[in-house]
file model.txt (compact mmCIF, C-alpha atoms)
# COMPACT_ATOMS: atom_id res chain seq x y z
CA MET B 1 29.74 19.84 61.33
CA SER B 2 27.82 17.41 59.11
CA SER B 3 28.31 13.67 59.52
CA PRO B 4 29.36 11.41 56.61
CA ALA B 5 25.78 10.13 56.42
CA ASP B 6 24.60 13.65 55.63
CA VAL B 7 26.97 13.99 52.72
CA ARG B 8 25.07 13.02 49.58
CA PRO B 9 26.38 12.85 46.03
CA PRO B 10 25.33 15.82 43.95
CA GLN B 11 22.14 15.26 41.97
CA ARG B 12 22.61 15.24 38.25
CA SER B 13 20.62 17.81 36.33
CA TYR B 14 17.56 16.84 34.32
CA PHE B 15 19.41 17.51 31.07
CA THR B 16 22.37 15.33 32.11
CA ARG B 17 20.09 12.42 33.08
CA TYR B 18 18.10 12.78 29.87
CA ARG B 19 21.25 12.85 27.76
CA HIS B 20 22.65 9.80 29.55
CA ALA B 21 19.43 7.78 29.05
CA LEU B 22 19.20 8.89 25.43
CA TRP B 23 22.76 7.77 24.71
CA LEU B 24 22.27 4.40 26.44
CA LEU B 25 19.11 3.66 24.42
CA THR B 26 20.76 4.80 21.19
CA LYS B 27 23.77 2.53 21.78
CA ARG B 28 21.40 -0.33 22.55
CA ASP B 29 19.57 0.26 19.25
CA LEU B 30 22.78 0.25 17.24
CA ARG B 31 24.16 -2.78 19.08
CA VAL B 32 20.97 -4.80 18.60
CA ARG B 33 20.72 -3.79 14.94
CA TYR B 34 24.21 -5.00 14.05
CA SER B 35 24.91 -7.68 16.69
CA THR B 36 23.82 -10.58 14.45
CA SER B 37 24.99 -8.99 11.21
CA VAL B 38 28.15 -10.12 9.46
CA LEU B 39 28.52 -6.94 7.42
CA GLY B 40 27.55 -4.66 10.31
CA TYR B 41 28.34 -1.05 9.42
CA PHE B 42 28.22 -1.74 5.69
CA TRP B 43 24.46 -2.36 5.81
CA SER B 44 23.95 1.32 6.67
CA ILE B 45 25.59 2.34 3.38
CA LEU B 46 24.61 -0.58 1.16
CA ASP B 47 20.98 0.51 0.68
CA PRO B 48 21.76 4.08 -0.49
CA LEU B 49 24.60 2.77 -2.67
CA VAL B 50 22.28 0.30 -4.41
CA MET B 51 19.61 2.98 -4.88
CA ALA B 52 22.18 5.44 -6.20
CA GLY B 53 23.46 2.82 -8.64
CA ILE B 54 19.95 2.12 -9.93
CA TYR B 55 19.05 5.78 -10.45
CA TRP B 56 22.45 6.55 -11.95
CA PHE B 57 21.97 3.69 -14.45
CA VAL B 58 18.42 4.77 -15.33
CA PHE B 59 19.07 8.49 -15.75
CA ALA B 60 22.71 8.62 -16.80
CA VAL B 61 22.92 5.46 -18.93
CA VAL B 62 19.52 4.26 -20.15
CA PHE B 63 17.95 7.66 -20.78
CA ASP B 64 21.27 9.50 -21.07
CA ARG B 65 19.98 12.44 -19.01
CA GLY B 66 22.84 12.60 -16.53
CA GLY B 67 23.99 15.90 -18.02
CA ARG B 68 20.52 17.43 -18.15
CA ILE B 69 19.35 16.87 -14.59
CA GLY B 70 21.31 17.55 -11.47
CA GLU B 71 25.03 18.16 -11.68
CA GLN B 72 28.11 16.25 -12.77
CA PRO B 73 29.38 13.91 -11.46
CA TYR B 74 25.80 12.69 -11.20
CA ILE B 75 26.58 9.80 -8.85
CA VAL B 76 27.91 12.25 -6.24
CA PHE B 77 24.87 14.48 -6.82
CA LEU B 78 22.63 11.47 -6.16
CA LEU B 79 24.44 10.23 -3.06
CA ILE B 80 24.43 13.61 -1.35
CA GLY B 81 20.64 13.58 -1.61
CA LEU B 82 20.06 9.89 -0.91
CA LEU B 83 22.15 9.64 2.27
CA PRO B 84 20.22 12.29 4.27
CA TRP B 85 16.98 10.94 2.80
CA MET B 86 17.77 7.51 4.28
CA TRP B 87 18.18 9.18 7.69
CA PHE B 88 14.85 11.01 7.39
CA ASN B 89 12.95 8.06 5.93
CA GLY B 90 14.33 5.55 8.44
CA ALA B 91 13.69 7.73 11.50
CA VAL B 92 10.12 8.67 10.51
CA SER B 93 9.27 5.07 9.56
CA ASP B 94 10.60 3.74 12.87
CA SER B 95 8.78 6.50 14.78
CA THR B 96 5.45 5.00 13.69
CA ARG B 97 6.36 1.99 15.87
CA ALA B 98 8.24 3.88 18.60
CA PHE B 99 5.62 3.16 21.30
CA LEU B 100 3.99 0.01 19.96
CA ARG B 101 7.23 -1.94 19.59
CA GLU B 102 8.34 -1.37 23.21
CA ALA B 103 5.03 -0.76 24.94
CA LYS B 104 6.08 -2.46 28.21
CA LEU B 105 9.20 -0.34 28.59
CA VAL B 106 7.33 2.84 27.71
CA ARG B 107 4.72 2.11 30.40
CA SER B 108 7.09 0.91 33.11
CA THR B 109 9.94 3.43 32.90
CA SER B 110 9.80 6.95 34.29
CA ILE B 111 12.16 8.52 31.74
CA PRO B 112 10.63 11.23 29.53
CA ARG B 113 8.72 9.53 26.73
CA THR B 114 10.13 11.87 24.08
CA ILE B 115 13.30 9.83 24.40
CA TRP B 116 11.67 6.92 22.52
CA VAL B 117 11.49 9.11 19.43
CA ASN B 118 14.72 11.04 19.90
CA ARG B 119 16.83 7.87 20.21
CA LEU B 120 15.56 6.75 16.78
CA VAL B 121 16.50 10.08 15.22
CA LEU B 122 19.91 9.96 16.89
CA SER B 123 20.71 6.36 15.89
CA LYS B 124 19.72 7.00 12.26
CA GLY B 125 21.70 10.24 12.37
CA ILE B 126 24.79 8.37 13.55
CA GLU B 127 24.38 5.97 10.63
CA PHE B 128 24.14 8.97 8.29
CA VAL B 129 27.36 10.49 9.65
CA ALA B 130 29.05 7.07 9.39
CA SER B 131 28.14 6.94 5.68
CA LEU B 132 29.80 10.28 4.85
CA PRO B 133 33.26 8.73 4.24
CA VAL B 134 31.66 6.76 1.39
CA LEU B 135 30.41 10.02 -0.13
CA ALA B 136 33.92 11.46 0.24
CA LEU B 137 35.43 8.46 -1.55
CA PHE B 138 33.03 8.84 -4.50
CA ALA B 139 33.74 12.58 -4.64
CA ILE B 140 37.49 11.93 -4.76
CA TRP B 141 37.14 9.14 -7.31
CA TYR B 142 34.99 11.22 -9.67
CA GLY B 143 36.85 14.48 -9.06
CA ALA B 144 34.05 16.49 -7.44
CA PRO B 145 35.80 19.52 -5.88
CA LEU B 146 34.94 20.42 -2.30
CA SER B 147 33.55 23.96 -1.97
CA TRP B 148 33.90 26.31 1.00
CA GLU B 149 30.11 26.02 1.38
CA VAL B 150 30.80 22.71 3.14
CA VAL B 151 30.74 24.84 6.32
CA PHE B 152 26.92 24.80 6.00
CA PHE B 153 26.84 21.01 6.40
CA PRO B 154 26.33 21.18 10.20
CA LEU B 155 23.48 23.66 9.64
CA ALA B 156 21.80 21.17 7.31
CA ILE B 157 22.17 18.44 9.94
CA LEU B 158 20.69 20.71 12.63
CA ILE B 159 17.66 21.67 10.51
CA GLN B 160 17.06 18.07 9.44
CA CYS B 161 17.34 16.86 13.03
CA THR B 162 14.77 19.47 14.12
CA LEU B 163 12.39 18.51 11.31
CA THR B 164 12.72 14.76 11.90
CA ILE B 165 12.20 15.03 15.65
CA GLY B 166 9.13 17.22 15.11
CA ILE B 167 7.55 14.78 12.66
CA GLY B 168 8.50 11.80 14.86
CA LEU B 169 6.89 13.36 17.94
CA LEU B 170 3.77 14.04 15.88
CA VAL B 171 3.49 10.60 14.31
CA ALA B 172 4.48 8.36 17.26
CA PRO B 173 1.47 9.06 19.53
CA LEU B 174 -1.06 9.33 16.67
CA VAL B 175 -0.24 5.82 15.41
CA VAL B 176 -1.28 4.45 18.82
CA PHE B 177 -4.81 5.79 18.21
CA PHE B 178 -4.95 5.31 14.44
CA ARG B 179 -3.07 2.13 13.50
CA ASP B 180 -3.69 2.67 9.78
CA LEU B 181 -1.46 5.75 10.01
CA GLU B 182 1.59 3.46 9.95
CA ARG B 183 0.73 2.26 6.44
CA ALA B 184 -0.31 5.76 5.39
CA ALA B 185 3.07 7.09 6.53
CA LYS B 186 4.85 4.61 4.25
CA LEU B 187 2.80 5.78 1.27
CA ILE B 188 3.42 9.43 2.11
CA LEU B 189 7.17 8.81 2.43
CA ARG B 190 7.20 7.04 -0.93
CA PHE B 191 5.48 10.01 -2.53
CA LEU B 192 7.75 12.46 -0.72
CA PHE B 193 10.83 10.72 -2.13
CA TYR B 194 9.83 11.64 -5.69
CA ALA B 195 8.46 15.03 -4.64
CA SER B 196 11.80 15.98 -3.07
CA PRO B 197 14.91 17.12 -4.97
CA ILE B 198 16.87 13.87 -4.60
CA VAL B 199 17.30 12.48 -8.12
CA TYR B 200 16.98 16.03 -9.44
CA GLY B 201 17.69 19.54 -8.17
CA LEU B 202 15.35 22.44 -7.46
CA ARG B 203 16.59 24.21 -10.58
CA ASP B 204 15.62 21.24 -12.75
CA LEU B 205 11.95 21.87 -12.00
CA PRO B 206 9.83 24.14 -14.24
CA THR B 207 10.02 27.77 -13.17
CA ASP B 208 6.31 27.87 -12.35
CA VAL B 209 6.70 24.87 -10.00
CA GLN B 210 9.80 26.02 -8.11
CA PRO B 211 7.97 28.58 -5.87
CA PHE B 212 5.78 25.75 -4.56
CA ALA B 213 8.56 23.14 -4.36
CA VAL B 214 10.51 25.17 -1.79
CA PHE B 215 7.69 24.55 0.71
CA ASN B 216 8.84 20.96 0.90
CA PRO B 217 11.06 21.35 4.00
CA LEU B 218 13.54 18.81 2.62
CA ALA B 219 14.26 21.03 -0.39
CA GLY B 220 16.25 23.63 1.52
CA ILE B 221 18.00 20.97 3.60
CA PHE B 222 19.22 19.09 0.53
CA SER B 223 20.21 22.43 -0.98
CA LEU B 224 22.57 23.00 1.96
CA TYR B 225 24.05 19.52 1.74
CA ARG B 226 24.67 19.77 -2.01
CA ALA B 227 26.34 23.16 -1.67
CA ALA B 228 29.39 21.31 -0.31
CA PHE B 229 30.15 20.05 -3.85
CA PHE B 230 27.71 22.00 -6.03
CA PRO B 231 27.56 25.62 -4.75
CA GLU B 232 25.11 26.66 -7.48
CA GLN B 233 22.50 24.37 -5.87
CA LEU B 234 22.37 26.54 -2.74
CA ASP B 235 19.02 28.33 -2.47
CA TRP B 236 18.83 30.50 0.64
CA TYR B 237 15.12 31.17 0.23
CA ALA B 238 14.47 27.42 0.32
CA VAL B 239 16.78 27.09 3.34
CA ILE B 240 14.90 29.79 5.27
CA VAL B 241 11.56 28.15 4.43
CA SER B 242 12.92 24.75 5.52
CA ALA B 243 14.20 26.16 8.82
CA GLY B 244 10.86 27.86 9.53
CA MET B 245 8.82 24.77 8.67
CA SER B 246 11.13 22.56 10.73
CA LEU B 247 10.59 24.74 13.80
CA LEU B 248 6.85 24.71 13.11
CA PHE B 249 6.80 20.90 12.90
CA LEU B 250 8.81 20.71 16.12
CA ALA B 251 6.34 22.98 17.93
CA ILE B 252 3.34 21.02 16.63
CA GLY B 253 5.02 17.71 17.47
CA LEU B 254 5.84 18.77 21.05
CA TRP B 255 2.32 20.12 21.59
CA THR B 256 0.69 16.97 20.19
CA PHE B 257 2.99 14.73 22.21
CA LYS B 258 2.35 16.58 25.46
CA ARG B 259 -1.42 16.63 24.97
CA SER B 260 -1.67 12.93 24.12
CA GLU B 261 0.98 11.38 26.40
CA ARG B 262 -1.37 10.26 29.20
CA THR B 263 -3.93 8.85 26.78
CA VAL B 264 -1.19 7.00 24.91
CA LEU B 265 -0.06 5.28 28.13
CA LYS B 266 -3.64 4.11 28.74
CA GLU B 267 -3.91 2.73 25.20
CA LEU B 268 -0.64 0.80 25.30

call {"tool": "encode", "arguments": {"input": "model.txt", "output": "structure tokens"}}
result
Amino acid sequence: MSSPADVRPPQRSYFTRYRHALWLLTKRDLRVRYSTSVLGYFWSILDPLVMAGIYWFVFAVVFDRGGRIGEQPYIVFLLIGLLPWMWFNGAVSDSTRAFLREAKLVRSTSIPRTIWVNRLVLSKGIEFVASLPVLALFAIWYGAPLSWEVVFFPLAILIQCTLTIGIGLLVAPLVVFFRDLERAAKLILRFLFYASPIVYGLRDLPTDVQPFAVFNPLAGIFSLYRAAFFPEQLDWYAVIVSAGMSLLFLAIGLWTFKRSERTVLKEL
């Protein structure tokens, strides 16, 4: 019969420990980000609201093109593209500093280093989900009917999460070796904003451009999001391409991260 000293608490699985550490770091990020802020949660929705207001004014008022690009109500069409873009843009931008900003913790802790990227994607994703009630309010106010295609919303989140993690895992270690990549990433993201169907839809592009535009992995993702209110925006070919490219980016990101992890720790 075993003595009390021999009785040890069951060891938690690797996945459970990883999930626990990821959640603790994500909560810390959110707490630090809003601890000294008076507006708190509202900062996560203020930026996309301001951007949506600017683009709505430019395209729907100044140039009076609100009925010729996108869908009506145009402000809802804009927001449903801008909100997930803010998640993607914020997570990728922060990933360029994922190791450099907390170099001491990265070196001294034994937790898997992928967590330093994944917690950024998760915290930005939580902010995105927290902004959805604002989208719902605008949809109600402007009378945008909810379509049954809203069931594809979780699929869009899953594909975007896969894509963002893949790009984050690719960028984070490379910036340690090539510091100029941080600035280059900002320029690429700025270009990608206008190259992605955010202020316009895939169908607004010339027919000879559309076959190439679908290879932007964000195109199919935004197509899924917009289907919740604008079913005619759903393009399954673009969605399939986005899913395939997201998995490809994830595979490349994991491979790059694994190959460079030891060298990154030496450089930090």

call {"tool": "closest_residue", "arguments": {"input": "model.txt", "among": "B:Ile167, B:Trp148, B:Ile75, B:Arg190", "to": "Ala136 (chain B)", "atoms": "only C-alpha atoms"}}
result
B:Ile75

call {"tool": "residues_around", "arguments": {"input": "model.txt", "residues": "region 168-184 of chain B", "least_positions_apart": "4", "cutoff": "8 Å", "atoms": "all atoms listed in the file", "output": "PyMOL selection string"}}
result
chain B and resi 91-93+95-100+114+117+164+188+250+252-254+256-257+260-261+264+267-268

call {"tool": "atom_distance", "arguments": {"input": "model.txt", "atom1": "CA of Gln72 (chain B)", "atom2": "CA of Leu135 (chain B)"}}
result
14.3 Å

call {"tool": "atom_distance", "arguments": {"input": "model.txt", "atom1": "CA of Phe191 (chain B)", "atom2": "CA of Leu82 (chain B)"}}
result
14.7 Å

call {"tool": "closest_residue", "arguments": {"input": "model.txt", "among": "B:Ile140, B:Ala195, B:Ile69, B:Leu24", "to": "Val209 (chain B)", "atoms": "only C-alpha atoms"}}
result
B:Ala195

call {"tool": "closest_residue", "arguments": {"input": "model.txt", "among": "B:Ile221, B:Val239, B:Leu248, B:Ala103", "to": "Leu265 (chain B)", "atoms": "all atoms listed in the file"}}
result
B:Ala103

call {"tool": "closest_residue", "arguments": {"input": "model.txt", "among": "B:Ala21, B:Ile240, B:Ala219, B:Leu189", "to": "Thr109 (chain B)", "atoms": "all atoms listed in the file"}}
result
B:Ala21
